[in-house]
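K.L.:
Before anything else, here's the structure in question.
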Amino acid sequence: MADHDRIASAVAAAWSQNRDVTGGANADYIPALATVDPDLFGISVVTVTGDTINAGDANTEFAIESISKVFTMARAMDEIGSDAFHSQVGTDPTGLPFNSVMALALHGDKPMSALVNAGAMSSVSLIPADSTEDRWAKILAVQSAFAGRTIALSETINQSEQTTNAHNRGIAWLLKAAGYLYDDPVGVCDVYTRQCSTLITTADLATMGATLANDGVNPLTGARAVHGENVPHILAEMTMEGLYEASGDWAYTVGLPGKSGVGGGLMAVVPGRLAIAAFSPPLDSHGNSVRAQLAITQIAATLGLSLYRKPHEADGQNAGRESSIRLATAGRQK
C-alpha cells in the first residue's frame, strides 16, 4: 500500500473509532471555550512533501491557546539565538501545572520551560520590538508563516481571556521582579494573551507541525518559518513539557514530540516525515484533549511512528495507552 493510502487509512480509522468517545470537559475558566461544541472532532496529517489527509472537522477553526507557545519560542530563538534563550528561559519540565506559581518559587522565580505560562511570557518579552503592537505583529507573523496562511485574532476569545487572566498578570509581575521578564509586564501579558486567542484549524495545526518536521520550511509554501538549527531545540522542549504533567507518559507511550492547548488542539511531530494534528474540546485532568490523544496515539502506533522504535515498525499496541487516557477524563486542570 502506498504511503498516502496507509496514512489515509490510519486517519480514517482513528476518526471513526474515537468520534464517539466520551469523558473530559471543555475548559470553562475561559468562558468562550466553555461554549464550544464538545462533539467537534477533526484529524489532519501533513507530510514534509505537502501531502494532506483530513478527517472530520479538520477545517473548523478553534483557539490555538498554549500551542502558540511553540511558535513564539521559535521566533524568540531566531531573534536572540538558542544559547541565550536557553540561559534566560530554561528548558526543563516543571512537573507542575502550566500556570503554577510554586514552580517559580522553587527555582528563584526563574521560569523552567517556555511551554508553561511563566516561560511563555518570558519568551514573548525576549522578542525585540519597538512597541507592544510591534511585538504582537511579529508573533502573529510567525504563526502565519508556520500555518502557510494569514492567521487572525478572535476578538471574542481574546476578550474572554483578557478579562480572566489576573493569575497570569500576577506571574508576569513576579517574573519582572526576579529579572526574568524583559519588558513591561502589562504589555507582555497582553500580547501573550492575544497569541493564545488566534484561530486555527486542525489542518493548519498539522501544517505547523509539518513545518517543524521539515526542518523549519513550510511544506505547502516552501517558505522558511524558523532557522533549521533551532528545530531540534524546539522539539526537545515539546518532548519535555508539551503535554504538561502528562509529557513523560506521552513520550514513554507515543514516542513523539507533542504540544497541546486547552482549546482542544494537539499536534505531534515526526521529524523528516510528517505531523499529526487532532482537535476535540473535552479535556482530561491535565488539560489535554481526550479524543485528540487517542486519535494521535492510534495513528502513531498503526504507522509505527515512535522515534524510539525502528522506522516503520508498526505493532498497533496502543490499548494500554488508550486505557490510561480513558481513566484520566474525569476532570481538567485549570
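Each chain of the C-alpha cells is named A, B, ... in the order shown, its residues numbered from 1; ligands are numbered from 1 in display order.
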Compile the contact shell of Arg273 in chain A as JSON, numbers by chain: residues with an atom at most 8 Å away, counting only C-alpha atoms, same-chain residues fewer than 3 positions apart removed.

P.N.:
{"A": [47, 48, 210, 213, 214, 270]}

K.L.:
For the selection you just gave me, I'd like the residues written to a file as a PDB file, in the first residue's frame, keeping all heavy atoms.

P.N.:
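Just written: result.pdb:
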ATOM      1  N   THR A  47       2.425  15.835   5.416  1.00  0.00           N
ATOM      2  CA  THR A  47       3.766  15.281   5.269  1.00  0.00           C
ATOM      3  C   THR A  47       4.747  16.378   4.858  1.00  0.00           C
ATOM      4  O   THR A  47       4.355  17.487   4.476  1.00  0.00           O
ATOM      5  CB  THR A  47       3.797  14.166   4.220  1.00  0.00           C
ATOM      6  OG1 THR A  47       3.638  14.754   2.913  1.00  0.00           O
ATOM      7  CG2 THR A  47       2.690  13.150   4.456  1.00  0.00           C
ATOM      8  N   VAL A  48       6.026  16.064   4.896  1.00  0.00           N
ATOM      9  CA  VAL A  48       7.043  17.050   4.526  1.00  0.00           C
ATOM     10  C   VAL A  48       7.053  17.330   3.024  1.00  0.00           C
ATOM     11  O   VAL A  48       7.695  18.287   2.572  1.00  0.00           O
ATOM     12  CB  VAL A  48       8.448  16.606   4.993  1.00  0.00           C
ATOM     13  CG1 VAL A  48       8.524  16.547   6.509  1.00  0.00           C
ATOM     14  CG2 VAL A  48       8.845  15.276   4.364  1.00  0.00           C
ATOM     15  N   ALA A 210       4.170  20.061  10.536  1.00  0.00           N
ATOM     16  CA  ALA A 210       4.948  19.553   9.405  1.00  0.00           C
ATOM     17  C   ALA A 210       6.080  20.506   9.051  1.00  0.00           C
ATOM     18  O   ALA A 210       7.119  20.075   8.525  1.00  0.00           O
ATOM     19  CB  ALA A 210       4.041  19.337   8.200  1.00  0.00           C
ATOM     20  N   ALA A 213       8.688  19.382  11.205  1.00  0.00           N
ATOM     21  CA  ALA A 213       9.191  18.104  10.686  1.00  0.00           C
ATOM     22  C   ALA A 213      10.083  18.314   9.474  1.00  0.00           C
ATOM     23  O   ALA A 213      10.987  17.513   9.209  1.00  0.00           O
ATOM     24  CB  ALA A 213       8.019  17.191  10.319  1.00  0.00           C
ATOM     25  N   ASN A 214       9.854  19.417   8.752  1.00  0.00           N
ATOM     26  CA  ASN A 214      10.584  19.717   7.516  1.00  0.00           C
ATOM     27  C   ASN A 214      11.731  20.698   7.771  1.00  0.00           C
ATOM     28  O   ASN A 214      12.074  21.501   6.904  1.00  0.00           O
ATOM     29  CB  ASN A 214       9.609  20.285   6.473  1.00  0.00           C
ATOM     30  CG  ASN A 214      10.161  20.237   5.066  1.00  0.00           C
ATOM     31  OD1 ASN A 214      10.865  19.301   4.691  1.00  0.00           O
ATOM     32  ND2 ASN A 214       9.834  21.243   4.268  1.00  0.00           N
ATOM     33  N   VAL A 270       6.804  14.104  13.617  1.00  0.00           N
ATOM     34  CA  VAL A 270       7.733  13.033  13.253  1.00  0.00           C
ATOM     35  C   VAL A 270       8.806  13.663  12.385  1.00  0.00           C
ATOM     36  O   VAL A 270       8.576  13.905  11.193  1.00  0.00           O
ATOM     37  CB  VAL A 270       7.027  11.898  12.493  1.00  0.00           C
ATOM     38  CG1 VAL A 270       7.995  10.720  12.289  1.00  0.00           C
ATOM     39  CG2 VAL A 270       5.767  11.446  13.217  1.00  0.00           C
TER      40      VAL A 270
END

K.L.:
Could you pull the residues within 8 Å of Ser280 in chain A, counting only C-alpha atoms, minus those fewer than 6 positions along the same chain, as a PyMOL selection string?

P.N.:
chain A and resi 38-42+264-265+289-292

K.L.:
Looking at A:Gln88, A:Thr193, A:Gln293, A:Thr60, which one is nearest to His167 in chain A, with distances taken over only C-alpha atoms?

P.N.:
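Under the stated criterion, the closest residue is A:Thr193.
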
K.L.:
Which of these, A:Thr156, A:Gln143, A:Thr72, A:Asn230, has the shortest distance to Ser125 in chain A once you count only C-alpha atoms?

P.N.:
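Between A:Thr156, A:Gln143, A:Thr72, A:Asn230, the residue approaching Ser125 in chain A most closely is A:Thr72.
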
K.L.:
In Å, with one decimal, what is the gap from CA of Asn117 in chain A to CA of Ala129 in chain A?

P.N.:
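Calculated distance between CA of Asn117 in chain A and CA of Ala129 in chain A is 20.4 Å.
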
K.L.:
What's around Gly216 in chain A at 7 Å? Count only C-alpha atoms, leave out sequence neighbours fewer than 6 positions away in its own chain, and write the answer as a list in words.

P.N.:
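Once the adjacent positions are removed, what remains is Arg224, Ala225, Val226, His227, Gly228 and Val231 of chain A.
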
K.L.:
Would you mind listing what lies within 7 Å of Arg75 in chain A as a list in words, with only C-alpha atoms counted and same-chain residues fewer than 4 positions away left out?

P.N.:
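Result of the neighbour search: Phe71, Glu79 and Val142 of chain A.
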
K.L.:
DSSP on the backbone: which residues in range 141-291 of chain A end up as alpha helix (DSSP H)? Give the answer as a PyMOL selection string.

P.N.:
chain A and resi 141-147+155-162+166-178+185-195+202-213+231-241+247-253+290-291

K.L.:
Export, as a compact mmCIF listing (two decimals), in the first residue's frame, the selected residues with C-alpha atoms.

P.N.:
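The resulting file, again23.txt, is reproduced below:
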# COMPACT_ATOMS: atom_id res chain seq x y z
CA ALA A 141 3.53 36.78 11.54
CA VAL A 142 5.35 33.69 12.81
CA GLN A 143 2.06 31.85 13.43
CA SER A 144 1.03 32.70 9.86
CA ALA A 145 4.38 31.57 8.44
CA PHE A 146 4.05 28.19 10.14
CA ALA A 147 0.42 27.76 9.05
CA GLU A 155 -11.80 39.22 19.39
CA THR A 156 -14.36 37.14 21.29
CA ILE A 157 -11.81 34.71 22.69
CA ASN A 158 -9.29 37.47 23.38
CA GLN A 159 -11.84 39.49 25.33
CA SER A 160 -12.82 36.37 27.30
CA GLU A 161 -9.16 35.66 28.07
CA GLN A 162 -8.19 39.25 28.89
CA ALA A 166 -5.42 38.02 36.57
CA HIS A 167 -3.34 34.97 37.54
CA ASN A 168 -1.09 35.40 34.51
CA ARG A 169 -0.72 39.11 35.23
CA GLY A 170 0.47 38.16 38.71
CA ILE A 171 3.01 35.73 37.25
CA ALA A 172 4.27 38.46 34.89
CA TRP A 173 4.97 40.80 37.81
CA LEU A 174 6.78 38.03 39.71
CA LEU A 175 8.97 37.42 36.68
CA LYS A 176 9.71 41.12 36.34
CA ALA A 177 10.67 41.43 40.00
CA ALA A 178 13.06 38.47 39.65
CA PRO A 185 4.65 43.18 32.42
CA VAL A 186 1.31 44.67 31.38
CA GLY A 187 2.21 44.80 27.70
CA VAL A 188 3.86 41.37 27.74
CA CYS A 189 0.86 39.70 29.39
CA ASP A 190 -1.46 41.43 26.91
CA VAL A 191 0.49 40.10 23.91
CA TYR A 192 0.77 36.63 25.48
CA THR A 193 -3.00 36.56 25.95
CA ARG A 194 -3.54 37.63 22.35
CA GLN A 195 -1.19 34.96 20.98
CA THR A 202 -6.70 21.12 12.55
CA ALA A 203 -5.29 21.25 9.02
CA ASP A 204 -3.42 24.46 9.93
CA LEU A 205 -2.03 22.79 13.03
CA ALA A 206 -0.79 19.77 11.07
CA THR A 207 0.90 22.15 8.63
CA MET A 208 2.55 23.98 11.51
CA GLY A 209 3.85 20.69 12.86
CA ALA A 210 4.95 19.55 9.41
CA THR A 211 6.99 22.75 9.12
CA LEU A 212 8.95 21.59 12.17
CA ALA A 213 9.19 18.10 10.69
CA VAL A 231 14.20 22.97 15.31
CA PRO A 232 15.89 20.26 17.44
CA HIS A 233 15.74 22.55 20.48
CA ILE A 234 12.05 23.24 19.88
CA LEU A 235 11.24 19.54 19.53
CA ALA A 236 13.19 18.78 22.72
CA GLU A 237 11.10 21.36 24.60
CA MET A 238 7.93 19.79 23.23
CA THR A 239 9.08 16.35 24.39
CA MET A 240 9.74 17.54 27.93
CA GLU A 241 6.73 19.80 28.57
CA SER A 247 4.50 14.84 28.94
CA GLY A 248 6.61 11.99 30.25
CA ASP A 249 3.81 9.48 29.83
CA TRP A 250 3.22 10.72 26.27
CA ALA A 251 6.91 10.33 25.38
CA TYR A 252 7.02 6.90 27.00
CA THR A 253 3.99 5.52 25.20
CA VAL A 290 -9.21 13.25 25.32
CA ARG A 291 -10.14 12.32 21.74
